[in-house]
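Below: one structure, written as structure tokens.
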Amino acid sequence: MHIFLETGRLVLRAITEADADDLFALNDDPEVMRFINGGKPASTETIREYTLPRLLRDYPGTGTRGYWAAQEKATGAFLGWFEFRPLDEHSRAEVELGYRLRKYAWGRGYATEGSRALIDKGFTELGVKRVIAHTMAVNTGSRRVMEKSGLSFLRSFAGDWPEPIPGSEHGDVDYELTRTAWEQRQ
């Protein structure tokens, strides 16, 4: 098992094909997927043909996969995944931060803990210059995680929703943290 980083309570490790059942359970939870696809159920075919290949992809710009399985350190339980993926696959200058955690992990600080650890690693070890994150404007939980992780509100915009879901009419938001701003807080 390739461990990318550890925090006090989390292990972020490389996702493998053996995670397919856990990824299905994550993506099959309507509450978890509410702000992604309106809570539509997952299919095992989608996990194997779309989700896993996307999560297993390597990015030459950072020499990392860009997506990491999150496990609870004390129990080994699969909590979900974190994204720290370069926007340009050949450059590490800008990365996108994201997370998708099982409902039982919500409200326990895991998303903030993992996000902060990824941001710190990005700025200290990976040569990242800017971290961005985005979500639906109505996703207050995710917005709170972004703010607790040190990101600042950048802009609101009308997202491109080919199939609108409840809340999409309120638009999307971007947050960011530059290395300079991060250094000033250290």
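Naming works like this for the structure tokens: A, B, ... for the chains as they're shown, residue 1 at the start of each chain, ligands 1 onward in shown order.
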Tell me, counting only C-alpha atoms, for each residue of range 2-55 of chain A within 8 Å of range 112-129 of chain A, which pair of atoms is nearest and how far apart they are in Å to one decimal, in rows ordered by chain and increasing number, as a tab-separated table.
residue	atom	partner	partner_atom	distance
A:Leu5	CA	A:Ala117	CA	7.8
A:Thr7	CA	A:Ala117	CA	6.9
A:Leu10	CA	A:Gly114	CA	7.2
A:Leu12	CA	A:Gly114	CA	7.9
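The list of residues with at least one atom within 9 Å of Arg102 in chain A, based on only C-alpha atoms and without residues fewer than 6 positions apart in the same chain, reads Ala25, Leu26, Asn27, Asp29, Val32, Phe78, Leu79 and Gly80 of chain A.
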Exercise: Gly39 in chain A partners within 9 Å, only C-alpha atoms, chain neighbours under 3 positions left out, as a compact mmCIF listing (two decimals) with N, CA and C atoms, in the first residue's frame:
# COMPACT_ATOMS: atom_id res chain seq x y z
N ASN A 27 -20.38 6.42 -3.80
CA ASN A 27 -21.11 7.07 -4.90
C ASN A 27 -22.58 6.65 -4.98
N ASP A 28 -22.96 5.63 -4.23
CA ASP A 28 -24.34 5.17 -4.24
C ASP A 28 -25.18 5.84 -3.15
N ASP A 29 -24.55 6.62 -2.29
CA ASP A 29 -25.26 7.31 -1.21
C ASP A 29 -25.86 8.61 -1.75
N PRO A 30 -27.18 8.74 -1.79
CA PRO A 30 -27.80 9.94 -2.36
C PRO A 30 -27.39 11.23 -1.65
N GLU A 31 -27.14 11.16 -0.34
CA GLU A 31 -26.73 12.38 0.37
C GLU A 31 -25.31 12.79 -0.01
N VAL A 32 -24.42 11.83 -0.18
CA VAL A 32 -23.05 12.12 -0.59
C VAL A 32 -23.05 12.75 -1.98
N MET A 33 -23.91 12.25 -2.86
CA MET A 33 -23.92 12.69 -4.25
C MET A 33 -24.88 13.85 -4.53
N ARG A 34 -25.51 14.35 -3.50
CA ARG A 34 -26.52 15.41 -3.67
C ARG A 34 -26.01 16.59 -4.49
N PHE A 35 -24.80 17.08 -4.20
CA PHE A 35 -24.27 18.25 -4.89
C PHE A 35 -23.41 17.89 -6.10
N ILE A 36 -23.34 16.60 -6.41
CA ILE A 36 -22.56 16.13 -7.57
C ILE A 36 -23.49 15.83 -8.75
N ALA A 42 -25.48 5.09 -8.03
CA ALA A 42 -24.31 4.68 -8.81
C ALA A 42 -24.57 3.32 -9.45
N ILE A 165 -29.51 20.22 -11.33
CA ILE A 165 -29.93 19.52 -10.12
C ILE A 165 -30.41 20.55 -9.11
Contacts of Val131 in chain A at 9 Å or less, counting only C-alpha atoms, minus same-chain residues fewer than 6 places along, as a ChimeraX atom specification? /A:84,93-97,119,122,151,175-179
Let's have the selection written as a PDB file, in the first residue's frame, with N, CA, C and O atoms.
ATOM      1  N   PHE A  84      -6.137  16.126  -5.109  1.00  0.00           N
ATOM      2  CA  PHE A  84      -5.123  17.180  -5.139  1.00  0.00           C
ATOM      3  C   PHE A  84      -4.450  17.025  -6.491  1.00  0.00           C
ATOM      4  O   PHE A  84      -3.369  16.490  -6.618  1.00  0.00           O
ATOM      5  N   ALA A  93       1.957  23.926 -10.939  1.00  0.00           N
ATOM      6  CA  ALA A  93       1.710  25.288 -10.475  1.00  0.00           C
ATOM      7  C   ALA A  93       0.347  25.435  -9.804  1.00  0.00           C
ATOM      8  O   ALA A  93       0.242  26.040  -8.738  1.00  0.00           O
ATOM      9  N   GLU A  94      -0.706  24.899 -10.416  1.00  0.00           N
ATOM     10  CA  GLU A  94      -2.053  25.027  -9.868  1.00  0.00           C
ATOM     11  C   GLU A  94      -2.672  23.652  -9.711  1.00  0.00           C
ATOM     12  O   GLU A  94      -2.639  22.846 -10.640  1.00  0.00           O
ATOM     13  N   VAL A  95      -3.231  23.410  -8.538  1.00  0.00           N
ATOM     14  CA  VAL A  95      -3.895  22.139  -8.278  1.00  0.00           C
ATOM     15  C   VAL A  95      -5.310  22.392  -7.775  1.00  0.00           C
ATOM     16  O   VAL A  95      -5.600  23.428  -7.178  1.00  0.00           O
ATOM     17  N   GLU A  96      -6.154  21.422  -8.039  1.00  0.00           N
ATOM     18  CA  GLU A  96      -7.525  21.476  -7.547  1.00  0.00           C
ATOM     19  C   GLU A  96      -7.644  20.579  -6.324  1.00  0.00           C
ATOM     20  O   GLU A  96      -7.231  19.425  -6.341  1.00  0.00           O
ATOM     21  N   LEU A  97      -8.204  21.135  -5.274  1.00  0.00           N
ATOM     22  CA  LEU A  97      -8.474  20.407  -4.040  1.00  0.00           C
ATOM     23  C   LEU A  97      -9.926  19.946  -4.058  1.00  0.00           C
ATOM     24  O   LEU A  97     -10.819  20.721  -4.416  1.00  0.00           O
ATOM     25  N   ILE A 119      -2.617  20.569   1.347  1.00  0.00           N
ATOM     26  CA  ILE A 119      -2.158  21.926   1.035  1.00  0.00           C
ATOM     27  C   ILE A 119      -0.728  22.121   1.535  1.00  0.00           C
ATOM     28  O   ILE A 119       0.137  22.613   0.804  1.00  0.00           O
ATOM     29  N   GLY A 122       1.598  20.179  -0.611  1.00  0.00           N
ATOM     30  CA  GLY A 122       1.699  20.810  -1.923  1.00  0.00           C
ATOM     31  C   GLY A 122       2.644  21.990  -1.931  1.00  0.00           C
ATOM     32  O   GLY A 122       3.485  22.128  -2.823  1.00  0.00           O
ATOM     33  N   LEU A 151      -8.524  28.459   2.428  1.00  0.00           N
ATOM     34  CA  LEU A 151      -8.863  29.038   1.133  1.00  0.00           C
ATOM     35  C   LEU A 151      -9.799  30.226   1.323  1.00  0.00           C
ATOM     36  O   LEU A 151     -10.557  30.279   2.280  1.00  0.00           O
ATOM     37  N   TYR A 175     -12.891  28.990  -4.704  1.00  0.00           N
ATOM     38  CA  TYR A 175     -12.049  29.424  -3.589  1.00  0.00           C
ATOM     39  C   TYR A 175     -10.605  29.205  -4.009  1.00  0.00           C
ATOM     40  O   TYR A 175     -10.321  28.381  -4.884  1.00  0.00           O
ATOM     41  N   GLU A 176      -9.678  29.933  -3.373  1.00  0.00           N
ATOM     42  CA  GLU A 176      -8.264  29.765  -3.717  1.00  0.00           C
ATOM     43  C   GLU A 176      -7.373  30.041  -2.517  1.00  0.00           C
ATOM     44  O   GLU A 176      -7.772  30.708  -1.551  1.00  0.00           O
ATOM     45  N   LEU A 177      -6.156  29.527  -2.605  1.00  0.00           N
ATOM     46  CA  LEU A 177      -5.087  29.836  -1.661  1.00  0.00           C
ATOM     47  C   LEU A 177      -3.785  29.827  -2.454  1.00  0.00           C
ATOM     48  O   LEU A 177      -3.456  28.835  -3.102  1.00  0.00           O
ATOM     49  N   THR A 178      -3.064  30.933  -2.416  1.00  0.00           N
ATOM     50  CA  THR A 178      -1.765  31.005  -3.077  1.00  0.00           C
ATOM     51  C   THR A 178      -0.672  30.635  -2.078  1.00  0.00           C
ATOM     52  O   THR A 178      -0.873  30.730  -0.860  1.00  0.00           O
ATOM     53  N   ARG A 179       0.457  30.247  -2.615  1.00  0.00           N
ATOM     54  CA  ARG A 179       1.573  29.925  -1.731  1.00  0.00           C
ATOM     55  C   ARG A 179       1.975  31.145  -0.911  1.00  0.00           C
ATOM     56  O   ARG A 179       2.274  31.031   0.276  1.00  0.00           O
TER      57      ARG A 179
END
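Between CA of Ala69 in chain A and CA of His2 in chain A the separation is 10.4 Å.
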